[in-house]
file work36.csv (CSV, C-alpha atoms)
chain,number,residue,atom,x,y,z
W,23,MET,CA,-110.8,-2.2,43.9
W,24,VAL,CA,-107.3,-3.3,44.9
W,25,ASN,CA,-105.8,-1.5,47.8
W,26,GLN,CA,-102.5,-1.9,49.6
W,27,TYR,CA,-102.5,-3.1,53.2
W,28,GLU,CA,-100.1,-3.8,55.9
W,29,THR,CA,-100.7,-6.4,58.6
W,30,VAL,CA,-98.7,-7.0,61.7
W,31,PHE,CA,-99.3,-10.0,64.0
W,32,ILE,CA,-97.7,-11.1,67.3
W,33,VAL,CA,-97.1,-14.9,67.6
W,34,THR,CA,-96.8,-16.5,71.0
W,35,PRO,CA,-93.2,-16.9,72.1
W,36,VAL,CA,-93.5,-20.6,73.1
W,37,LEU,CA,-93.3,-21.8,69.5
W,38,SER,CA,-90.2,-23.3,68.0
W,39,ASP,CA,-88.6,-21.5,65.0
W,40,ASP,CA,-90.1,-24.0,62.6
W,41,GLN,CA,-93.6,-23.5,64.1
W,42,MET,CA,-93.1,-19.7,63.8
W,43,LYS,CA,-92.2,-20.1,60.1
W,44,GLU,CA,-95.1,-22.4,59.5
W,45,THR,CA,-97.5,-19.8,61.0
W,46,VAL,CA,-96.1,-17.1,58.8
W,47,LYS,CA,-96.3,-19.3,55.7
W,48,LYS,CA,-99.9,-20.2,56.6
W,49,TYR,CA,-100.9,-16.5,56.3
W,50,THR,CA,-98.8,-15.7,53.2
W,51,ASP,CA,-100.3,-18.7,51.5
W,52,PHE,CA,-103.8,-17.7,52.7
W,53,LEU,CA,-103.4,-14.2,51.2
W,54,THR,CA,-102.1,-15.5,47.8
W,55,SER,CA,-104.9,-18.1,47.7
W,56,LYS,CA,-107.3,-15.2,48.0
W,57,GLY,CA,-105.7,-13.4,45.1
W,58,ALA,CA,-103.5,-11.0,47.1
W,59,GLU,CA,-100.1,-10.0,45.9
W,60,ILE,CA,-97.4,-10.0,48.6
W,61,VAL,CA,-95.3,-6.8,48.3
W,62,TYR,CA,-93.0,-7.2,51.3
W,63,THR,CA,-92.5,-9.3,54.4
W,64,ASN,CA,-90.4,-8.6,57.5
W,65,ASN,CA,-89.7,-10.6,60.6
W,66,TRP,CA,-89.2,-8.1,63.4
W,67,GLY,CA,-88.2,-11.0,65.7
W,68,MET,CA,-88.8,-11.4,69.4
W,69,ARG,CA,-89.8,-8.2,71.2
W,70,LYS,CA,-90.9,-7.3,74.7
W,71,LEU,CA,-94.6,-6.5,74.9
W,72,ALA,CA,-95.8,-3.2,76.5
W,73,TYR,CA,-98.1,-5.2,78.8
W,74,PRO,CA,-98.7,-9.0,79.4
W,75,ILE,CA,-101.0,-10.7,76.9
W,76,LYS,CA,-102.3,-14.1,77.9
W,77,LYS,CA,-99.6,-14.1,80.6
W,78,LYS,CA,-96.8,-13.7,78.0
W,79,THR,CA,-94.4,-10.7,78.2
W,80,THR,CA,-92.7,-11.3,74.8
W,81,GLY,CA,-93.8,-12.3,71.3
W,82,PHE,CA,-92.6,-12.7,67.7
W,83,TYR,CA,-93.6,-9.8,65.6
W,84,TYR,CA,-94.1,-10.3,61.8
W,85,LEU,CA,-95.2,-7.8,59.1
W,86,ILE,CA,-96.7,-8.5,55.7
W,87,GLU,CA,-97.4,-5.8,53.2
W,88,PHE,CA,-99.8,-6.8,50.4
W,89,LYS,CA,-102.2,-5.7,47.7
W,90,ALA,CA,-105.7,-7.2,47.7
W,91,GLU,CA,-109.4,-6.6,47.4
W,92,GLY,CA,-111.1,-5.2,50.5
W,93,SER,CA,-113.1,-8.4,51.0
W,94,VAL,CA,-109.9,-10.4,51.7
W,95,ILE,CA,-109.4,-8.4,55.0
W,96,ALA,CA,-112.5,-9.8,56.7
W,97,ASP,CA,-111.5,-13.4,55.8
W,98,LEU,CA,-107.9,-12.7,57.0
W,99,GLU,CA,-109.1,-11.3,60.4
W,100,VAL,CA,-111.4,-14.3,60.9
W,101,ALA,CA,-108.5,-16.6,60.3
W,102,TYR,CA,-106.4,-14.6,62.8
W,103,LYS,CA,-109.1,-14.7,65.5
W,104,ARG,CA,-109.4,-18.5,65.1
W,105,ASP,CA,-105.6,-19.1,65.5
W,106,GLU,CA,-104.6,-19.6,69.2
W,107,ARG,CA,-100.9,-19.0,68.3
W,108,LEU,CA,-101.5,-15.3,67.7
W,109,LEU,CA,-101.6,-12.9,70.6
W,110,ARG,CA,-102.5,-9.8,68.7
W,111,PHE,CA,-102.9,-8.5,65.1
W,112,LEU,CA,-103.5,-5.3,63.3
W,113,THR,CA,-104.3,-4.7,59.6
W,114,VAL,CA,-104.3,-1.2,58.1
W,115,SER,CA,-105.0,0.2,54.7
W,116,LEU,CA,-102.2,2.2,53.3
W,117,ASP,CA,-102.8,5.5,51.4
W,118,LYS,CA,-100.5,6.6,48.6
W,119,HIS,CA,-98.2,8.5,51.0
W,120,ALA,CA,-97.7,5.5,53.2
W,121,VAL,CA,-97.0,3.3,50.2
W,122,ALA,CA,-94.4,5.8,48.9
W,123,TYR,CA,-92.9,6.0,52.4
W,124,ASN,CA,-92.6,2.2,52.7
W,125,GLU,CA,-91.0,1.9,49.3
W,126,LYS,CA,-88.5,4.7,50.1
W,127,LYS,CA,-87.6,3.1,53.4
W,128,ARG,CA,-87.1,-0.3,51.7
W,129,ASN,CA,-84.9,1.2,49.0
W,130,ASN,CA,-82.8,3.0,51.6
W,131,LYS,CA,-82.3,-0.3,53.6
W,132,LYS,CA,-81.1,-2.0,50.4
W,133,GLU,CA,-78.5,0.7,49.8
W,134,GLN,CA,-77.4,1.0,53.4
W,135,PRO,CA,-75.1,-2.1,53.9
W,136,ALA,CA,-72.9,-1.1,50.9
W,137,VAL,CA,-72.4,2.4,52.4
W,138,GLU,CA,-72.1,1.4,56.0
W,139,GLU,CA,-68.7,-0.4,56.2
W,140,ALA,CA,-66.7,-0.8,59.3
W,141,PRO,CA,-63.7,1.6,59.5
W,142,ALA,CA,-60.4,-0.2,58.8
W,143,ALA,CA,-58.3,-0.9,61.9
W,144,GLU,CA,-55.0,1.0,61.8
call {"tool": "encode", "arguments": {"input": "work36.csv", "output": "C-alpha cells"}}
result
Amino acid sequence: MVNQYETVFIVTPVLSDDQMKETVKKYTDFLTSKGAEIVYTNNWGMRKLAYPIKKKTTGFYYLIEFKAEGSVIADLEVAYKRDERLLRFLTVSLDKHAVAYNEKKRNNKKEQPAVEEAPAAE
C-alpha cells in the first residue's frame, strides 16, 4: 500500500553549497529509483541545533515529502545511517489530516507573496 511520508534530515554544516545539493539529489534520486513519488521538497537552510551533534552546533535542514511503499523506508534509513554527511534524520508517516494540512499550508504560501506587498512610500 502506498502511504505518504515526510523525511527531514540534517546535513553537516562543513559542506559547500554544491555538496549540499548533491546530498539532497542523492536522496531524491534514491527515492524515485525505488518507485516513490516526490510530492514536495523544502530547503530550511542553516539552523542552530538545540544541542551539539558530533561537535557541530549548526546544520542544513532539508525536508522531502513523498508517496511510497512502506518497504522503501527501511532502505532509505539504511542509506541515511551509512552517510557520514548526515547528523540526524527523521521519517514519519502522514495520516490524511497531516496530508491535508501540508497541502493547505503549501497553497497558502503560494498565494501569500501576491497579497503581501510592501506599502507604497509616500
call {"tool": "closest_residue", "arguments": {"input": "work36.csv", "among": "W:Leu108, W:Ile86, W:Ala58, W:Ala72", "to": "Thr45 of chain W", "atoms": "all atoms listed in the file"}}
result
W:Leu108
call {"tool": "residues_around", "arguments": {"input": "work36.csv", "residues": "Thr113 of chain W", "least_positions_apart": "3", "cutoff": "10 Å", "atoms": "all atoms listed in the file", "output": "PyMOL selection string"}}
result
chain W and resi 27-31+85-87+95+98-99+116
call {"tool": "closest_residue", "arguments": {"input": "work36.csv", "among": "W:Phe88, W:Glu125, W:Asp51, W:Phe82", "to": "Lys70 of chain W", "atoms": "all atoms listed in the file"}}
result
W:Phe82
call {"tool": "closest_residue", "arguments": {"input": "work36.csv", "among": "W:Val33, W:Val100, W:Leu53, W:Met23", "to": "Leu71 of chain W", "atoms": "all atoms listed in the file"}}
result
W:Val33
call {"tool": "atom_distance", "arguments": {"input": "work36.csv", "atom1": "atom CA of Val36 of chain W", "atom2": "atom CA of Tyr102 of chain W"}}
result
17.6 Å
call {"tool": "atom_distance", "arguments": {"input": "work36.csv", "atom1": "atom CA of Ser55 of chain W", "atom2": "atom CA of Val94 of chain W"}}
result
10.0 Å
call {"tool": "closest_residue", "arguments": {"input": "work36.csv", "among": "W:Met42, W:Val24, W:Ile60, W:Val114", "to": "Ala90 of chain W", "atoms": "only C-alpha atoms"}}
result
W:Val24
call {"tool": "closest_residue", "arguments": {"input": "work36.csv", "among": "W:Lys127, W:Lys48, W:Lys43, W:Lys89", "to": "Val61 of chain W", "atoms": "all atoms listed in the file"}}
result
W:Lys89
call {"tool": "closest_residue", "arguments": {"input": "work36.csv", "among": "W:Gln41, W:Thr34, W:Asn25, W:Thr79", "to": "Val121 of chain W", "atoms": "all atoms listed in the file"}}
result
W:Asn25
call {"tool": "atom_distance", "arguments": {"input": "work36.csv", "atom1": "atom CA of Ser38 of chain W", "atom2": "atom CA of Lys131 of chain W"}}
result
28.3 Å
